[in-house]
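So this one's upload_2.txt, compact mmCIF, all heavy atoms:
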# COMPACT_ATOMS: atom_id res chain seq x y z
N MET A 255 174.79 24.02 -53.72
CA MET A 255 174.44 25.30 -53.16
C MET A 255 175.61 26.27 -53.42
O MET A 255 176.77 25.91 -53.29
CB MET A 255 174.17 25.16 -51.67
CG MET A 255 173.56 26.39 -51.08
SD MET A 255 172.55 26.08 -49.62
CE MET A 255 173.77 25.88 -48.37
N ALA A 256 175.28 27.48 -53.77
CA ALA A 256 176.28 28.48 -54.11
C ALA A 256 176.98 29.02 -52.86
O ALA A 256 176.43 28.99 -51.76
CB ALA A 256 175.61 29.62 -54.86
N ASP A 257 178.20 29.52 -53.07
CA ASP A 257 178.96 30.12 -51.97
C ASP A 257 178.41 31.47 -51.56
O ASP A 257 178.45 31.84 -50.40
CB ASP A 257 180.42 30.32 -52.39
CG ASP A 257 181.24 29.07 -52.22
OD1 ASP A 257 180.73 28.11 -51.64
OD2 ASP A 257 182.40 29.08 -52.66
N LYS A 258 177.92 32.23 -52.54
CA LYS A 258 177.44 33.58 -52.26
C LYS A 258 176.05 33.79 -52.85
O LYS A 258 175.64 33.08 -53.76
CB LYS A 258 178.39 34.61 -52.86
CG LYS A 258 179.74 34.63 -52.20
CD LYS A 258 180.53 35.83 -52.63
CE LYS A 258 181.80 35.90 -51.82
NZ LYS A 258 182.33 37.24 -51.77
N ILE A 259 175.36 34.78 -52.30
CA ILE A 259 174.08 35.20 -52.86
C ILE A 259 174.16 36.69 -53.13
O ILE A 259 174.89 37.42 -52.47
CB ILE A 259 172.90 34.88 -51.92
CG1 ILE A 259 173.10 35.52 -50.54
CG2 ILE A 259 172.67 33.40 -51.80
CD1 ILE A 259 171.91 35.37 -49.61
N LYS A 260 173.42 37.12 -54.15
CA LYS A 260 173.33 38.54 -54.48
C LYS A 260 171.98 39.03 -53.99
O LYS A 260 170.94 38.54 -54.40
CB LYS A 260 173.47 38.74 -55.98
CG LYS A 260 173.43 40.19 -56.41
CD LYS A 260 173.61 40.30 -57.91
CE LYS A 260 173.56 41.73 -58.37
NZ LYS A 260 173.70 41.81 -59.83
N VAL A 261 172.00 40.02 -53.09
CA VAL A 261 170.78 40.57 -52.50
C VAL A 261 170.60 41.98 -53.03
O VAL A 261 171.51 42.80 -52.92
CB VAL A 261 170.85 40.58 -50.95
CG1 VAL A 261 169.58 41.12 -50.36
CG2 VAL A 261 171.14 39.19 -50.43
N THR A 262 169.43 42.26 -53.63
CA THR A 262 169.14 43.57 -54.20
C THR A 262 167.92 44.15 -53.51
O THR A 262 166.90 43.48 -53.38
CB THR A 262 168.86 43.45 -55.71
OG1 THR A 262 169.96 42.80 -56.33
CG2 THR A 262 168.65 44.82 -56.34
N LEU A 263 168.01 45.40 -53.07
CA LEU A 263 166.87 46.09 -52.46
C LEU A 263 165.96 46.58 -53.58
O LEU A 263 166.37 47.38 -54.42
CB LEU A 263 167.37 47.27 -51.61
CG LEU A 263 166.32 48.01 -50.79
CD1 LEU A 263 165.67 47.08 -49.78
CD2 LEU A 263 166.95 49.20 -50.08
N VAL A 264 164.73 46.07 -53.63
CA VAL A 264 163.81 46.43 -54.72
C VAL A 264 162.70 47.38 -54.27
O VAL A 264 162.08 48.02 -55.10
CB VAL A 264 163.18 45.17 -55.38
CG1 VAL A 264 164.24 44.38 -56.11
CG2 VAL A 264 162.46 44.32 -54.38
N LYS A 265 162.46 47.47 -52.97
CA LYS A 265 161.46 48.40 -52.44
C LYS A 265 162.11 49.28 -51.39
O LYS A 265 163.00 48.84 -50.67
CB LYS A 265 160.29 47.65 -51.79
CG LYS A 265 159.30 47.08 -52.77
CD LYS A 265 158.10 46.52 -52.05
CE LYS A 265 157.20 47.64 -51.60
NZ LYS A 265 155.98 47.16 -50.95
N SER A 266 161.66 50.51 -51.30
CA SER A 266 162.18 51.44 -50.31
C SER A 266 161.77 51.01 -48.91
O SER A 266 160.73 50.37 -48.71
CB SER A 266 161.65 52.83 -50.60
OG SER A 266 162.00 53.73 -49.59
N THR A 267 162.57 51.41 -47.94
CA THR A 267 162.24 51.10 -46.55
C THR A 267 161.40 52.20 -45.90
O THR A 267 161.10 52.11 -44.71
CB THR A 267 163.52 50.88 -45.71
OG1 THR A 267 164.33 52.04 -45.81
CG2 THR A 267 164.28 49.67 -46.19
N ILE A 268 161.03 53.22 -46.68
CA ILE A 268 160.17 54.27 -46.14
C ILE A 268 158.82 53.64 -45.78
O ILE A 268 158.20 52.96 -46.59
CB ILE A 268 159.97 55.40 -47.16
CG1 ILE A 268 161.28 56.11 -47.42
CG2 ILE A 268 158.89 56.37 -46.69
CD1 ILE A 268 161.22 57.13 -48.52
N GLY A 269 158.40 53.82 -44.57
CA GLY A 269 157.14 53.26 -44.10
C GLY A 269 157.25 51.83 -43.61
O GLY A 269 156.26 51.27 -43.15
N ALA A 270 158.44 51.25 -43.69
CA ALA A 270 158.63 49.87 -43.22
C ALA A 270 158.74 49.87 -41.70
O ALA A 270 159.00 50.88 -41.06
CB ALA A 270 159.88 49.26 -43.84
N VAL A 271 158.54 48.71 -41.11
CA VAL A 271 158.69 48.52 -39.67
C VAL A 271 160.14 48.84 -39.31
O VAL A 271 161.06 48.43 -40.03
CB VAL A 271 158.34 47.06 -39.30
CG1 VAL A 271 158.55 46.80 -37.84
CG2 VAL A 271 156.92 46.75 -39.72
N PRO A 272 160.39 49.57 -38.22
CA PRO A 272 161.76 49.91 -37.85
C PRO A 272 162.72 48.71 -37.76
O PRO A 272 163.88 48.82 -38.13
CB PRO A 272 161.60 50.59 -36.49
CG PRO A 272 160.24 51.17 -36.54
CD PRO A 272 159.41 50.19 -37.34
N LYS A 273 162.23 47.58 -37.29
CA LYS A 273 163.07 46.38 -37.21
C LYS A 273 163.53 45.95 -38.61
O LYS A 273 164.68 45.57 -38.80
CB LYS A 273 162.30 45.25 -36.54
CG LYS A 273 163.10 43.99 -36.32
CD LYS A 273 162.30 42.97 -35.54
CE LYS A 273 163.11 41.72 -35.29
NZ LYS A 273 162.36 40.74 -34.52
N ASN A 274 162.63 46.03 -39.59
CA ASN A 274 162.98 45.67 -40.96
C ASN A 274 163.98 46.66 -41.55
O ASN A 274 164.86 46.27 -42.31
CB ASN A 274 161.74 45.58 -41.84
CG ASN A 274 160.90 44.37 -41.53
OD1 ASN A 274 161.31 43.49 -40.78
ND2 ASN A 274 159.69 44.32 -42.07
N LYS A 275 163.86 47.93 -41.20
CA LYS A 275 164.82 48.94 -41.67
C LYS A 275 166.22 48.60 -41.16
O LYS A 275 167.19 48.70 -41.91
CB LYS A 275 164.43 50.34 -41.18
CG LYS A 275 163.23 50.93 -41.86
CD LYS A 275 162.99 52.33 -41.34
CE LYS A 275 161.75 52.93 -41.94
NZ LYS A 275 161.56 54.32 -41.55
N ARG A 276 166.32 48.20 -39.91
CA ARG A 276 167.61 47.85 -39.33
C ARG A 276 168.19 46.59 -39.98
O ARG A 276 169.41 46.50 -40.18
CB ARG A 276 167.49 47.67 -37.82
CG ARG A 276 167.26 48.98 -37.08
CD ARG A 276 167.44 48.83 -35.58
NE ARG A 276 166.58 47.81 -35.00
CZ ARG A 276 165.36 48.03 -34.50
NH1 ARG A 276 164.86 49.24 -34.51
NH2 ARG A 276 164.67 47.04 -34.00
N ILE A 277 167.35 45.63 -40.30
CA ILE A 277 167.81 44.40 -40.96
C ILE A 277 168.37 44.72 -42.33
O ILE A 277 169.44 44.24 -42.71
CB ILE A 277 166.68 43.35 -41.03
CG1 ILE A 277 166.34 42.85 -39.64
CG2 ILE A 277 167.08 42.20 -41.94
CD1 ILE A 277 165.09 42.00 -39.57
N VAL A 278 167.66 45.56 -43.10
CA VAL A 278 168.12 45.93 -44.44
C VAL A 278 169.45 46.67 -44.33
O VAL A 278 170.37 46.42 -45.11
CB VAL A 278 167.05 46.79 -45.17
CG1 VAL A 278 167.62 47.42 -46.42
CG2 VAL A 278 165.84 45.94 -45.51
N GLU A 279 169.57 47.57 -43.37
CA GLU A 279 170.82 48.30 -43.18
C GLU A 279 171.95 47.35 -42.77
O GLU A 279 173.09 47.52 -43.22
CB GLU A 279 170.63 49.38 -42.13
CG GLU A 279 171.77 50.35 -42.05
CD GLU A 279 171.48 51.51 -41.12
OE1 GLU A 279 170.35 52.01 -41.12
OE2 GLU A 279 172.41 51.88 -40.39
N ALA A 280 171.65 46.36 -41.96
CA ALA A 280 172.67 45.38 -41.54
C ALA A 280 173.14 44.54 -42.72
O ALA A 280 174.29 44.08 -42.72
CB ALA A 280 172.11 44.48 -40.45
N LEU A 281 172.29 44.35 -43.71
CA LEU A 281 172.69 43.64 -44.92
C LEU A 281 173.57 44.50 -45.81
O LEU A 281 174.12 44.03 -46.81
CB LEU A 281 171.46 43.16 -45.71
CG LEU A 281 170.64 42.05 -45.06
CD1 LEU A 281 169.34 41.83 -45.83
CD2 LEU A 281 171.43 40.77 -44.98
N GLY A 282 173.68 45.79 -45.49
CA GLY A 282 174.54 46.68 -46.26
C GLY A 282 173.82 47.39 -47.39
O GLY A 282 174.47 47.89 -48.31
N LEU A 283 172.49 47.42 -47.34
CA LEU A 283 171.70 48.04 -48.40
C LEU A 283 171.13 49.36 -47.91
O LEU A 283 170.63 49.44 -46.79
CB LEU A 283 170.57 47.11 -48.83
CG LEU A 283 171.03 45.72 -49.31
CD1 LEU A 283 169.84 44.82 -49.49
CD2 LEU A 283 171.82 45.83 -50.59
N HIS A 284 171.19 50.40 -48.75
CA HIS A 284 170.72 51.70 -48.35
C HIS A 284 169.71 52.29 -49.33
O HIS A 284 168.71 52.86 -48.91
CB HIS A 284 171.89 52.68 -48.18
CG HIS A 284 172.90 52.21 -47.19
ND1 HIS A 284 172.68 52.25 -45.83
CD2 HIS A 284 174.12 51.65 -47.36
CE1 HIS A 284 173.72 51.75 -45.20
NE2 HIS A 284 174.61 51.38 -46.11
N LYS A 285 169.95 52.16 -50.63
CA LYS A 285 169.07 52.74 -51.65
C LYS A 285 168.42 51.63 -52.48
O LYS A 285 169.05 50.59 -52.72
CB LYS A 285 169.88 53.61 -52.61
CG LYS A 285 170.52 54.81 -51.99
CD LYS A 285 171.29 55.56 -53.05
CE LYS A 285 171.97 56.78 -52.48
NZ LYS A 285 172.74 57.49 -53.53
N PRO A 286 167.20 51.84 -52.94
CA PRO A 286 166.58 50.85 -53.84
C PRO A 286 167.44 50.68 -55.09
O PRO A 286 167.98 51.64 -55.63
CB PRO A 286 165.23 51.47 -54.18
CG PRO A 286 164.93 52.37 -53.03
CD PRO A 286 166.26 52.91 -52.58
N GLY A 287 167.59 49.43 -55.50
CA GLY A 287 168.41 49.11 -56.66
C GLY A 287 169.83 48.73 -56.29
O GLY A 287 170.56 48.19 -57.12
N GLN A 288 170.23 48.98 -55.06
CA GLN A 288 171.58 48.65 -54.61
C GLN A 288 171.68 47.15 -54.35
O GLN A 288 170.76 46.54 -53.82
CB GLN A 288 171.92 49.43 -53.36
CG GLN A 288 173.33 49.25 -52.88
CD GLN A 288 173.63 50.07 -51.64
OE1 GLN A 288 172.72 50.56 -50.99
NE2 GLN A 288 174.90 50.21 -51.32
N SER A 289 172.82 46.56 -54.73
CA SER A 289 173.04 45.13 -54.55
C SER A 289 174.29 44.88 -53.72
O SER A 289 175.21 45.69 -53.72
CB SER A 289 173.21 44.44 -55.90
OG SER A 289 172.05 44.55 -56.66
N ARG A 290 174.30 43.74 -53.04
CA ARG A 290 175.46 43.30 -52.28
C ARG A 290 175.62 41.80 -52.48
O ARG A 290 174.63 41.07 -52.57
CB ARG A 290 175.26 43.54 -50.79
CG ARG A 290 175.27 44.96 -50.33
CD ARG A 290 176.66 45.55 -50.22
NE ARG A 290 177.54 44.69 -49.46
CZ ARG A 290 178.11 45.02 -48.31
NH1 ARG A 290 177.89 46.19 -47.80
NH2 ARG A 290 178.90 44.17 -47.69
N GLU A 291 176.86 41.35 -52.54
CA GLU A 291 177.15 39.93 -52.55
C GLU A 291 177.47 39.53 -51.12
O GLU A 291 178.37 40.08 -50.50
CB GLU A 291 178.34 39.62 -53.46
CG GLU A 291 178.02 39.81 -54.92
CD GLU A 291 179.17 39.42 -55.82
OE1 GLU A 291 180.13 38.78 -55.34
OE2 GLU A 291 179.11 39.77 -56.99
N LEU A 292 176.71 38.59 -50.59
CA LEU A 292 176.85 38.17 -49.20
C LEU A 292 177.08 36.67 -49.13
O LEU A 292 176.68 35.93 -50.04
CB LEU A 292 175.58 38.54 -48.43
CG LEU A 292 175.23 40.03 -48.39
CD1 LEU A 292 173.82 40.22 -47.85
CD2 LEU A 292 176.23 40.79 -47.57
N PRO A 293 177.70 36.19 -48.05
CA PRO A 293 177.91 34.74 -47.92
C PRO A 293 176.58 34.01 -47.76
O PRO A 293 175.65 34.53 -47.16
CB PRO A 293 178.77 34.62 -46.66
CG PRO A 293 178.56 35.88 -45.92
CD PRO A 293 178.25 36.93 -46.93
N ASN A 294 176.53 32.83 -48.33
CA ASN A 294 175.33 32.01 -48.25
C ASN A 294 175.42 31.15 -46.99
O ASN A 294 175.88 30.01 -47.03
CB ASN A 294 175.22 31.14 -49.51
CG ASN A 294 173.90 30.42 -49.60
OD1 ASN A 294 173.02 30.62 -48.77
ND2 ASN A 294 173.75 29.59 -50.59
N ASN A 295 174.99 31.73 -45.85
CA ASN A 295 175.00 30.98 -44.60
C ASN A 295 173.67 31.19 -43.88
O ASN A 295 172.81 31.95 -44.34
CB ASN A 295 176.20 31.39 -43.72
CG ASN A 295 176.20 32.86 -43.39
OD1 ASN A 295 175.17 33.49 -43.29
ND2 ASN A 295 177.39 33.41 -43.22
N ALA A 296 173.50 30.52 -42.79
CA ALA A 296 172.22 30.54 -42.07
C ALA A 296 171.87 31.94 -41.57
O ALA A 296 170.70 32.34 -41.63
CB ALA A 296 172.26 29.56 -40.90
N ALA A 297 172.84 32.70 -41.09
CA ALA A 297 172.57 34.03 -40.56
C ALA A 297 172.07 34.97 -41.66
O ALA A 297 171.09 35.70 -41.47
CB ALA A 297 173.82 34.60 -39.91
N THR A 298 172.73 34.94 -42.80
CA THR A 298 172.33 35.80 -43.91
C THR A 298 170.96 35.39 -44.44
O THR A 298 170.10 36.25 -44.68
CB THR A 298 173.36 35.72 -45.05
OG1 THR A 298 174.65 36.06 -44.54
CG2 THR A 298 173.00 36.67 -46.17
N LEU A 299 170.73 34.11 -44.60
CA LEU A 299 169.45 33.64 -45.13
C LEU A 299 168.31 33.95 -44.17
O LEU A 299 167.20 34.28 -44.61
CB LEU A 299 169.51 32.14 -45.42
CG LEU A 299 170.44 31.74 -46.56
CD1 LEU A 299 170.48 30.22 -46.70
CD2 LEU A 299 170.04 32.39 -47.86
N GLY A 300 168.55 33.91 -42.87
CA GLY A 300 167.53 34.27 -41.90
C GLY A 300 167.16 35.73 -41.99
O GLY A 300 165.99 36.09 -41.93
N ALA A 301 168.17 36.60 -42.15
CA ALA A 301 167.91 38.04 -42.28
C ALA A 301 167.16 38.32 -43.56
O ALA A 301 166.21 39.12 -43.58
CB ALA A 301 169.22 38.81 -42.24
N VAL A 302 167.55 37.67 -44.64
CA VAL A 302 166.88 37.87 -45.93
C VAL A 302 165.43 37.40 -45.86
O VAL A 302 164.53 38.05 -46.41
CB VAL A 302 167.64 37.13 -47.05
CG1 VAL A 302 166.83 37.07 -48.33
CG2 VAL A 302 168.98 37.82 -47.31
N ARG A 303 165.18 36.31 -45.16
CA ARG A 303 163.81 35.80 -45.05
C ARG A 303 162.90 36.80 -44.33
O ARG A 303 161.73 36.94 -44.67
CB ARG A 303 163.83 34.46 -44.31
CG ARG A 303 162.49 33.76 -44.36
CD ARG A 303 162.54 32.36 -43.80
NE ARG A 303 163.43 31.52 -44.60
CZ ARG A 303 164.42 30.79 -44.09
NH1 ARG A 303 164.65 30.78 -42.80
NH2 ARG A 303 165.18 30.06 -44.87
N LYS A 304 163.45 37.53 -43.35
CA LYS A 304 162.66 38.52 -42.59
C LYS A 304 162.23 39.69 -43.47
O LYS A 304 161.18 40.29 -43.23
CB LYS A 304 163.47 39.06 -41.41
CG LYS A 304 163.78 38.06 -40.36
CD LYS A 304 162.71 38.02 -39.33
CE LYS A 304 163.14 37.12 -38.19
NZ LYS A 304 162.12 37.00 -37.19
N VAL A 305 163.04 40.04 -44.46
CA VAL A 305 162.74 41.19 -45.32
C VAL A 305 162.54 40.76 -46.78
O VAL A 305 162.83 41.51 -47.70
CB VAL A 305 163.83 42.28 -45.21
CG1 VAL A 305 163.83 42.91 -43.84
CG2 VAL A 305 165.20 41.73 -45.56
N ALA A 306 162.03 39.55 -46.96
CA ALA A 306 161.86 39.01 -48.32
C ALA A 306 160.95 39.87 -49.18
O ALA A 306 161.07 39.88 -50.41
CB ALA A 306 161.31 37.59 -48.24
N HIS A 307 160.04 40.62 -48.55
CA HIS A 307 159.13 41.47 -49.31
C HIS A 307 159.80 42.76 -49.80
O HIS A 307 159.23 43.48 -50.61
CB HIS A 307 157.91 41.83 -48.44
CG HIS A 307 158.25 42.52 -47.17
ND1 HIS A 307 158.86 41.89 -46.11
CD2 HIS A 307 158.10 43.81 -46.80
CE1 HIS A 307 159.04 42.77 -45.13
NE2 HIS A 307 158.60 43.94 -45.53
N LEU A 308 161.04 43.01 -49.36
CA LEU A 308 161.75 44.21 -49.77
C LEU A 308 162.95 43.93 -50.68
O LEU A 308 163.47 44.84 -51.32
CB LEU A 308 162.28 44.96 -48.53
CG LEU A 308 161.25 45.45 -47.53
CD1 LEU A 308 161.95 46.03 -46.31
CD2 LEU A 308 160.35 46.49 -48.16
N VAL A 309 163.39 42.69 -50.74
CA VAL A 309 164.61 42.36 -51.48
C VAL A 309 164.38 41.26 -52.51
O VAL A 309 163.38 40.53 -52.46
CB VAL A 309 165.74 41.92 -50.52
CG1 VAL A 309 166.11 43.01 -49.57
CG2 VAL A 309 165.38 40.66 -49.78
N LYS A 310 165.34 41.17 -53.45
CA LYS A 310 165.37 40.09 -54.44
C LYS A 310 166.68 39.35 -54.23
O LYS A 310 167.72 39.98 -54.01
CB LYS A 310 165.31 40.67 -55.85
CG LYS A 310 165.39 39.63 -56.96
CD LYS A 310 165.24 40.26 -58.32
CE LYS A 310 166.54 40.94 -58.69
NZ LYS A 310 166.60 41.39 -60.08
N VAL A 311 166.65 38.02 -54.27
CA VAL A 311 167.83 37.20 -53.98
C VAL A 311 168.16 36.34 -55.19
O VAL A 311 167.27 35.73 -55.79
CB VAL A 311 167.59 36.30 -52.75
CG1 VAL A 311 168.82 35.48 -52.44
CG2 VAL A 311 167.17 37.12 -51.57
N GLU A 312 169.46 36.30 -55.56
CA GLU A 312 169.94 35.45 -56.64
C GLU A 312 171.16 34.68 -56.14
O GLU A 312 171.98 35.23 -55.42
CB GLU A 312 170.36 36.27 -57.84
CG GLU A 312 169.32 37.18 -58.40
CD GLU A 312 169.89 38.15 -59.42
OE1 GLU A 312 170.88 37.79 -60.10
OE2 GLU A 312 169.37 39.26 -59.52
N GLU A 313 171.30 33.42 -56.56
CA GLU A 313 172.51 32.67 -56.24
C GLU A 313 173.58 33.01 -57.25
O GLU A 313 173.31 33.18 -58.43
CB GLU A 313 172.23 31.17 -56.25
CG GLU A 313 171.42 30.69 -55.09
CD GLU A 313 171.33 29.19 -55.03
OE1 GLU A 313 171.94 28.50 -55.87
OE2 GLU A 313 170.64 28.69 -54.13
N ILE A 314 174.82 33.11 -56.77
CA ILE A 314 175.95 33.42 -57.67
C ILE A 314 176.79 32.17 -57.82
O ILE A 314 177.07 31.48 -56.90
CB ILE A 314 176.79 34.58 -57.11
CG1 ILE A 314 175.94 35.82 -57.03
CG2 ILE A 314 178.02 34.79 -57.95
CD1 ILE A 314 176.65 37.01 -56.44
Show me the file's structure as C-alpha cells.
Amino acid sequence: MADKIKVTLVKSTIGAVPKNKRIVEALGLHKPGQSRELPNNAATLGAVRKVAHLVKVEEI
C-alpha cells in the first residue's frame, strides 16, 4: 500500500450537497482539476469515499 494518494477534483461542487462541499474543501480542493497529495490513512480514505463521485484517486 502506498504512503500517499493523489486526489483530483474532477467535478464541480456547484449543486452538490452542502456536506459534500465541506468534505471537498477539507481535503484542500477548491477548483476542478486541482490535485492534492494526501496521506493514505483511514480518515482520508473515508472522506474520499464520501465524495467519490466528485474526485479521482491515484496511489503514489
Fill in: Of the listed residues A:Ile259, A:Leu292, A:Val305, A:Ser266, that which approaches Val278 (chain A) most closely, counting all atoms listed in the file
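Closest to Val278 (chain A) of all the choices is A:Val305.
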Could you pull out the helix (DSSP H, G or I) residues of chain A, going by DSSP on the backbone, and write them as a tab-separated table (two decimals) with all heavy atoms, in the coordinates of the input?
chain	number	residue	atom	x	y	z
A	272	PRO	N	160.39	49.57	-38.22
A	272	PRO	CA	161.76	49.91	-37.85
A	272	PRO	C	162.72	48.71	-37.76
A	272	PRO	O	163.88	48.82	-38.13
A	272	PRO	CB	161.60	50.59	-36.49
A	272	PRO	CG	160.24	51.17	-36.54
A	272	PRO	CD	159.41	50.19	-37.34
A	273	LYS	N	162.23	47.58	-37.29
A	273	LYS	CA	163.07	46.38	-37.21
A	273	LYS	C	163.53	45.95	-38.61
A	273	LYS	O	164.68	45.57	-38.80
A	273	LYS	CB	162.30	45.25	-36.54
A	273	LYS	CG	163.10	43.99	-36.32
A	273	LYS	CD	162.30	42.97	-35.54
A	273	LYS	CE	163.11	41.72	-35.29
A	273	LYS	NZ	162.36	40.74	-34.52
A	274	ASN	N	162.63	46.03	-39.59
A	274	ASN	CA	162.98	45.67	-40.96
A	274	ASN	C	163.98	46.66	-41.55
A	274	ASN	O	164.86	46.27	-42.31
A	274	ASN	CB	161.74	45.58	-41.84
A	274	ASN	CG	160.90	44.37	-41.53
A	274	ASN	OD1	161.31	43.49	-40.78
A	274	ASN	ND2	159.69	44.32	-42.07
A	275	LYS	N	163.86	47.93	-41.20
A	275	LYS	CA	164.82	48.94	-41.67
A	275	LYS	C	166.22	48.60	-41.16
A	275	LYS	O	167.19	48.70	-41.91
A	275	LYS	CB	164.43	50.34	-41.18
A	275	LYS	CG	163.23	50.93	-41.86
A	275	LYS	CD	162.99	52.33	-41.34
A	275	LYS	CE	161.75	52.93	-41.94
A	275	LYS	NZ	161.56	54.32	-41.55
A	276	ARG	N	166.32	48.20	-39.91
A	276	ARG	CA	167.61	47.85	-39.33
A	276	ARG	C	168.19	46.59	-39.98
A	276	ARG	O	169.41	46.50	-40.18
A	276	ARG	CB	167.49	47.67	-37.82
A	276	ARG	CG	167.26	48.98	-37.08
A	276	ARG	CD	167.44	48.83	-35.58
A	276	ARG	NE	166.58	47.81	-35.00
A	276	ARG	CZ	165.36	48.03	-34.50
A	276	ARG	NH1	164.86	49.24	-34.51
A	276	ARG	NH2	164.67	47.04	-34.00
A	277	ILE	N	167.35	45.63	-40.30
A	277	ILE	CA	167.81	44.40	-40.96
A	277	ILE	C	168.37	44.72	-42.33
A	277	ILE	O	169.44	44.24	-42.71
A	277	ILE	CB	166.68	43.35	-41.03
A	277	ILE	CG1	166.34	42.85	-39.64
A	277	ILE	CG2	167.08	42.20	-41.94
A	277	ILE	CD1	165.09	42.00	-39.57
A	278	VAL	N	167.66	45.56	-43.10
A	278	VAL	CA	168.12	45.93	-44.44
A	278	VAL	C	169.45	46.67	-44.33
A	278	VAL	O	170.37	46.42	-45.11
A	278	VAL	CB	167.05	46.79	-45.17
A	278	VAL	CG1	167.62	47.42	-46.42
A	278	VAL	CG2	165.84	45.94	-45.51
A	279	GLU	N	169.57	47.57	-43.37
A	279	GLU	CA	170.82	48.30	-43.18
A	279	GLU	C	171.95	47.35	-42.77
A	279	GLU	O	173.09	47.52	-43.22
A	279	GLU	CB	170.63	49.38	-42.13
A	279	GLU	CG	171.77	50.35	-42.05
A	279	GLU	CD	171.48	51.51	-41.12
A	279	GLU	OE1	170.35	52.01	-41.12
A	279	GLU	OE2	172.41	51.88	-40.39
A	280	ALA	N	171.65	46.36	-41.96
A	280	ALA	CA	172.67	45.38	-41.54
A	280	ALA	C	173.14	44.54	-42.72
A	280	ALA	O	174.29	44.08	-42.72
A	280	ALA	CB	172.11	44.48	-40.45
A	296	ALA	N	173.50	30.52	-42.79
A	296	ALA	CA	172.22	30.54	-42.07
A	296	ALA	C	171.87	31.94	-41.57
A	296	ALA	O	170.70	32.34	-41.63
A	296	ALA	CB	172.26	29.56	-40.90
A	297	ALA	N	172.84	32.70	-41.09
A	297	ALA	CA	172.57	34.03	-40.56
A	297	ALA	C	172.07	34.97	-41.66
A	297	ALA	O	171.09	35.70	-41.47
A	297	ALA	CB	173.82	34.60	-39.91
A	298	THR	N	172.73	34.94	-42.80
A	298	THR	CA	172.33	35.80	-43.91
A	298	THR	C	170.96	35.39	-44.44
A	298	THR	O	170.10	36.25	-44.68
A	298	THR	CB	173.36	35.72	-45.05
A	298	THR	OG1	174.65	36.06	-44.54
A	298	THR	CG2	173.00	36.67	-46.17
A	299	LEU	N	170.73	34.11	-44.60
A	299	LEU	CA	169.45	33.64	-45.13
A	299	LEU	C	168.31	33.95	-44.17
A	299	LEU	O	167.20	34.28	-44.61
A	299	LEU	CB	169.51	32.14	-45.42
A	299	LEU	CG	170.44	31.74	-46.56
A	299	LEU	CD1	170.48	30.22	-46.70
A	299	LEU	CD2	170.04	32.39	-47.86
A	300	GLY	N	168.55	33.91	-42.87
A	300	GLY	CA	167.53	34.27	-41.90
A	300	GLY	C	167.16	35.73	-41.99
A	300	GLY	O	165.99	36.09	-41.93
A	301	ALA	N	168.17	36.60	-42.15
A	301	ALA	CA	167.91	38.04	-42.28
A	301	ALA	C	167.16	38.32	-43.56
A	301	ALA	O	166.21	39.12	-43.58
A	301	ALA	CB	169.22	38.81	-42.24
A	302	VAL	N	167.55	37.67	-44.64
A	302	VAL	CA	166.88	37.87	-45.93
A	302	VAL	C	165.43	37.40	-45.86
A	302	VAL	O	164.53	38.05	-46.41
A	302	VAL	CB	167.64	37.13	-47.05
A	302	VAL	CG1	166.83	37.07	-48.33
A	302	VAL	CG2	168.98	37.82	-47.31
A	303	ARG	N	165.18	36.31	-45.16
A	303	ARG	CA	163.81	35.80	-45.05
A	303	ARG	C	162.90	36.80	-44.33
A	303	ARG	O	161.73	36.94	-44.67
A	303	ARG	CB	163.83	34.46	-44.31
A	303	ARG	CG	162.49	33.76	-44.36
A	303	ARG	CD	162.54	32.36	-43.80
A	303	ARG	NE	163.43	31.52	-44.60
A	303	ARG	CZ	164.42	30.79	-44.09
A	303	ARG	NH1	164.65	30.78	-42.80
A	303	ARG	NH2	165.18	30.06	-44.87
A	304	LYS	N	163.45	37.53	-43.35
A	304	LYS	CA	162.66	38.52	-42.59
A	304	LYS	C	162.23	39.69	-43.47
A	304	LYS	O	161.18	40.29	-43.23
A	304	LYS	CB	163.47	39.06	-41.41
A	304	LYS	CG	163.78	38.06	-40.36
A	304	LYS	CD	162.71	38.02	-39.33
A	304	LYS	CE	163.14	37.12	-38.19
A	304	LYS	NZ	162.12	37.00	-37.19
Discussion item. Run DSSP on the backbone and tell me which residues of chain A come out as strand (DSSP E or B); list them as a list in words.
Written reply: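 Result set for chain A (strand (DSSP E or B)): Lys258, Ile259, Lys260, Val261, Thr262, Leu263, Ser289, Arg290, Glu291, Leu292, Pro293, Val309, Lys310, Val311, Glu312 and Glu313 of chain A.
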Worksheet item: Got a sec: who's within 5 Å of Lys304 (chain A), counting all heavy atoms, leaving out chain neighbours fewer than 5 positions off, as a PyMOL selection string?
Response: chain A and resi 273-274+277
Item to complete: Pull the neighbourhood of (164.5, 46.9, -54.8) for me: all residues within 8 Å in file coordinates, counting only C-alpha atoms, as a list in words.
Response: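 Residues with an atom at most 8 Å from (164.5, 46.9, -54.8): Thr262, Leu263, Val264, Lys265, Ser266, Pro286, Gly287, Gln288, Leu308, Val309 and Lys310 of chain A.
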Practice prompt. For CA of Val302 (chain A) and CA of Lys285 (chain A), quote the distance in Å rounded to one decimal.
Written response: 16.1 Å
Item to complete: Can you work out the spacing between atom N of Gly300 (chain A) and CD1 of Leu281 (chain A) in Å, to one decimal?
Response: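 That distance, rounded to one decimal, is 8.5 Å.
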Worksheet item: To one decimal place, how far is atom O of Glu279 (chain A) from CG2 of Val261 (chain A) in Å?
Response: 11.2 Å
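Using only C-alpha atoms, the smallest distance between any of A:His307, A:Ala296, A:Ile314, A:Thr267 and Leu283 (chain A) comes from A:Thr267.
Remark: for Glu313 (chain A), the closest of the candidate residues A:Arg276, A:His284, A:Ala270, A:Pro293 is A:Pro293 (distances computed over only C-alpha atoms).
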